[in-house]
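Participant: My structure file final25.pdb, PDB, C-alpha atoms, is below:
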```
ATOM      1  CA  MET A   5     -24.426  23.951  -4.316
ATOM      2  CA  ALA A   6     -22.760  27.081  -2.964
ATOM      3  CA  ASP A   7     -25.497  29.156  -4.622
ATOM      4  CA  SER A   8     -28.154  27.380  -2.563
ATOM      5  CA  ILE A   9     -26.331  28.278   0.641
ATOM      6  CA  HIS A  10     -25.041  31.729  -0.269
ATOM      7  CA  CYS A  11     -27.958  33.008  -2.323
ATOM      8  CA  ILE A  12     -27.767  36.754  -1.605
ATOM      9  CA  LYS A  13     -25.387  38.707  -3.792
ATOM     10  CA  LYS A  14     -23.800  41.956  -2.556
ATOM     11  CA  THR A  15     -21.778  44.441  -4.565
ATOM     12  CA  LEU A  16     -18.698  45.871  -2.907
ATOM     13  CA  ARG A  17     -16.628  48.817  -4.097
ATOM     14  CA  LEU A  18     -12.983  48.983  -3.124
ATOM     15  CA  LYS A  19     -10.027  51.157  -3.981
ATOM     16  CA  PRO A  20      -7.288  49.314  -5.911
ATOM     17  CA  ALA A  21      -5.045  49.260  -2.842
ATOM     18  CA  GLU A  22      -7.885  47.836  -0.717
ATOM     19  CA  ALA A  23      -8.580  45.199  -3.362
ATOM     20  CA  GLU A  24      -4.913  44.161  -3.324
ATOM     21  CA  VAL A  25      -4.946  43.875   0.473
ATOM     22  CA  LEU A  26      -8.111  41.773   0.353
ATOM     23  CA  ALA A  27      -6.654  39.502  -2.325
ATOM     24  CA  SER A  28      -3.368  39.033  -0.477
ATOM     25  CA  LYS A  29      -5.007  38.356   2.901
ATOM     26  CA  ALA A  30      -7.447  35.886   1.370
ATOM     27  CA  ALA A  31      -4.603  34.095  -0.426
ATOM     28  CA  GLU A  32      -2.547  34.077   2.783
ATOM     29  CA  ALA A  33      -5.463  32.425   4.589
ATOM     30  CA  GLY A  34      -5.885  29.940   1.720
ATOM     31  CA  MET A  35      -9.410  31.158   1.001
ATOM     32  CA  CYS A  36     -11.311  32.839  -1.795
ATOM     33  CA  GLU A  37     -12.073  36.525  -1.313
ATOM     34  CA  ALA A  38     -15.785  35.911  -0.707
ATOM     35  CA  GLY A  39     -15.040  33.252   1.899
ATOM     36  CA  TYR A  40     -12.539  35.541   3.592
ATOM     37  CA  LEU A  41     -15.100  38.356   3.765
ATOM     38  CA  ARG A  42     -17.667  35.951   5.242
ATOM     39  CA  LEU A  43     -15.070  34.949   7.836
ATOM     40  CA  LEU A  44     -14.552  38.583   8.789
ATOM     41  CA  VAL A  45     -18.310  39.106   9.100
ATOM     42  CA  THR A  46     -18.999  36.027  11.247
ATOM     43  CA  GLN A  47     -15.838  36.149  13.390
ATOM     44  CA  LYS A  48     -16.203  32.511  14.433
ATOM     45  CA  PRO A  49     -12.852  31.362  15.882
ATOM     46  CA  TYR A  50     -13.246  27.844  14.454
ATOM     47  CA  ASP A  51     -13.390  29.294  10.937
ATOM     48  CA  TYR A  52      -9.817  30.572  11.071
ATOM     49  CA  PRO A  53      -7.490  28.295   9.073
ATOM     50  CA  GLU A  54      -4.840  28.444  11.816
ATOM     51  CA  THR A  55      -7.368  27.264  14.391
ATOM     52  CA  ARG A  56      -8.563  24.440  12.165
ATOM     53  CA  SER A  57      -4.982  23.316  11.624
ATOM     54  CA  LEU A  58      -4.205  23.428  15.354
ATOM     55  CA  LEU A  59      -7.333  21.475  16.224
ATOM     56  CA  LYS A  60      -6.605  18.870  13.548
ATOM     57  CA  THR A  61      -3.071  18.422  14.890
ATOM     58  CA  LEU A  62      -4.383  18.161  18.445
ATOM     59  CA  ILE A  63      -6.966  15.559  17.466
ATOM     60  CA  ASN A  64      -4.296  13.471  15.721
ATOM     61  CA  GLU A  65      -1.994  13.650  18.765
ATOM     62  CA  VAL A  66      -4.789  12.717  21.164
ATOM     63  CA  ASN A  67      -5.779   9.785  18.946
ATOM     64  CA  ALA A  68      -2.193   8.505  18.822
ATOM     65  CA  VAL A  69      -1.769   8.802  22.574
ATOM     66  CA  GLY A  70      -5.198   7.233  23.106
ATOM     67  CA  ASN A  71      -4.102   4.235  21.068
ATOM     68  CA  ASN A  72      -1.065   3.809  23.310
ATOM     69  CA  ILE A  73      -3.226   4.141  26.412
ATOM     70  CA  ASN A  74      -5.563   1.449  25.075
ATOM     71  CA  GLN A  75      -2.609  -0.893  24.557
ATOM     72  CA  ILE A  76      -1.397  -0.307  28.125
ATOM     73  CA  THR A  77      -4.917  -0.886  29.459
ATOM     74  CA  ARG A  78      -5.225  -4.106  27.481
ATOM     75  CA  ALA A  79      -1.901  -5.268  28.931
ATOM     76  CA  ASN A  80      -3.155  -4.406  32.406
ATOM     77  CA  ASN A  81      -6.349  -6.381  31.885
ATOM     78  CA  SER A  82      -4.250  -9.352  30.724
ATOM     79  CA  TYR A  83      -2.106  -9.056  33.869
ATOM     80  CA  PHE A  84       0.988  -8.169  31.802
ATOM     81  CA  TYR A  85       1.081  -4.696  33.304
ATOM     82  CA  SER A  86       4.433  -3.457  34.586
ATOM     83  CA  ARG A  87       5.737  -0.418  36.432
ATOM     84  CA  GLU A  88       7.223   0.806  33.144
ATOM     85  CA  ASP A  89       3.748   0.759  31.591
ATOM     86  CA  LYS A  90       2.466   2.895  34.456
ATOM     87  CA  GLU A  91       5.246   5.425  33.850
ATOM     88  CA  LEU A  92       4.463   5.457  30.125
ATOM     89  CA  LEU A  93       0.803   6.048  30.878
ATOM     90  CA  ALA A  94       1.667   9.046  33.053
ATOM     91  CA  ALA A  95       3.946  10.412  30.320
ATOM     92  CA  TYR A  96       1.224  10.046  27.681
ATOM     93  CA  MET A  97      -1.306  11.809  29.868
ATOM     94  CA  LYS A  98       1.166  14.659  30.437
ATOM     95  CA  LYS A  99       1.723  14.895  26.667
ATOM     96  CA  ILE A 100      -2.024  15.222  26.085
ATOM     97  CA  GLN A 101      -2.303  17.928  28.751
ATOM     98  CA  GLN A 102       0.558  19.909  27.207
ATOM     99  CA  ALA A 103      -0.874  19.643  23.694
ATOM    100  CA  VAL A 104      -4.319  20.777  24.831
ATOM    101  CA  GLN A 105      -2.816  23.668  26.794
ATOM    102  CA  GLU A 106      -0.732  24.822  23.795
ATOM    103  CA  VAL A 107      -3.755  24.829  21.499
ATOM    104  CA  ALA A 108      -5.890  26.580  24.097
ATOM    105  CA  GLU A 109      -3.271  29.317  24.463
ATOM    106  CA  LYS A 110      -2.924  29.762  20.698
ATOM    107  CA  VAL A 111      -6.691  29.819  20.090
ATOM    108  CA  GLY A 112      -7.241  32.108  23.060
ATOM    109  CA  SER A 113      -4.727  34.642  21.749
ATOM    110  CA  GLN A 114      -6.512  34.986  18.399
TER     111      GLN A 114
END
```
What does this structure look like when you write it as structure tokens?
Facilitator:
Amino acid sequence: MADSIHCIKKTLRLKPAEAEVLASKAAEAGMCEAGYLRLLVTQKPYDYPETRSLLKTLINEVNAVGNNINQITRANNSYFYSREDKELLAAYMKKIQQAVQEVAEKVGSQ
């Protein structure tokens, strides 16, 4: 399947030291050498493994907080809403804002 997507083959000549650097950087990124070279050519921020990991973590945190917010909302709609629930809701919203800001700073610095 990869051949149908990446159908053009290029030959690349490297010095042994350059080949070692390429191999180590690709392994560090958890990618094959060809995939790492494609990443360097495209320079799409979402393609970076660190960015993918940060976004996945952020999505999981937002989903967990969203679940808690839904529970508080359901309690409010059932008239079981308390002042403590309102404080929890504000804390959850602050947690989401902090998580989004952290990821934005990390992605922006790359």
Participant: Selection in question (the file shown): the PyMOL selection byres ((chain A and resi 96-108) around 10). Which residues does it include, as a PyMOL selection string?
Facilitator: chain A and resi 55+58-59+61-63+65-70+72-73+90-95+109-113
Participant: I need the residue nearest A:Glu88 from this list: A:Met35, A:Val25, A:Leu41, A:Ile76. Use only C-alpha atoms for the distance.
Facilitator: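 Of A:Met35, A:Val25, A:Leu41, A:Ile76, the one nearest A:Glu88 is A:Ile76, counting only C-alpha atoms.
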Participant: One number please: atom CA of A:Ser57 to atom CA of A:Ala33, in Å, one decimal.
Facilitator: 11.5 Å
Participant: Go ahead and compute the interatomic distance for atom CA of A:Asp89 and atom CA of A:Asn71, in Å to one decimal.
Facilitator: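 Straight-line distance from atom CA of A:Asp89 to atom CA of A:Asn71 works out to 13.6 Å.
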Participant: Hey, can I get the axis-aligned box for stretch 21-29 of chain A? All listed atoms, 5 Å padding on each side, centre and edge lengths in Å to one decimal, as lines of an AutoDock Vina configuration file.
Facilitator:
```
center_x = -6.0
center_y = 43.8
center_z = -0.2
size_x = 15.2
size_y = 20.9
size_z = 16.3
```
Participant: For A:Ala27, which of A:Asn64, A:Thr46, A:Thr15, A:Tyr40 is the closest residue, counting all atoms listed in the file?
Facilitator: A:Tyr40
Participant: By how many Å are atom CA of A:Leu43 and atom CA of A:Cys11 apart?
Facilitator: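 Answer for the atom CA of A:Leu43 to atom CA of A:Cys11 separation: 16.5 Å.
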Participant: May I ask which of the residues A:Glu54, A:Lys14, A:Asn74, A:Arg87 is the closest one to A:Ala38, counting only C-alpha atoms?
Facilitator: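 Of all the options, A:Lys14 lies closest to A:Ala38.
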Participant: When distances are computed from only C-alpha atoms, which of A:Ser86, A:Thr77, A:Ala30, A:Glu37 shows the smallest separation from A:Leu16?
Facilitator: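 The shortest atom-to-atom distance to A:Leu16 comes from A:Glu37.
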Participant: Tell me which protein, DNA and RNA residues are within 12 Å of A:Arg17, counting all atoms listed in the file, leaving out same-chain ones fewer than 5 positions away, and put them as a ChimeraX atom specification.
Facilitator: /A:22-23,26
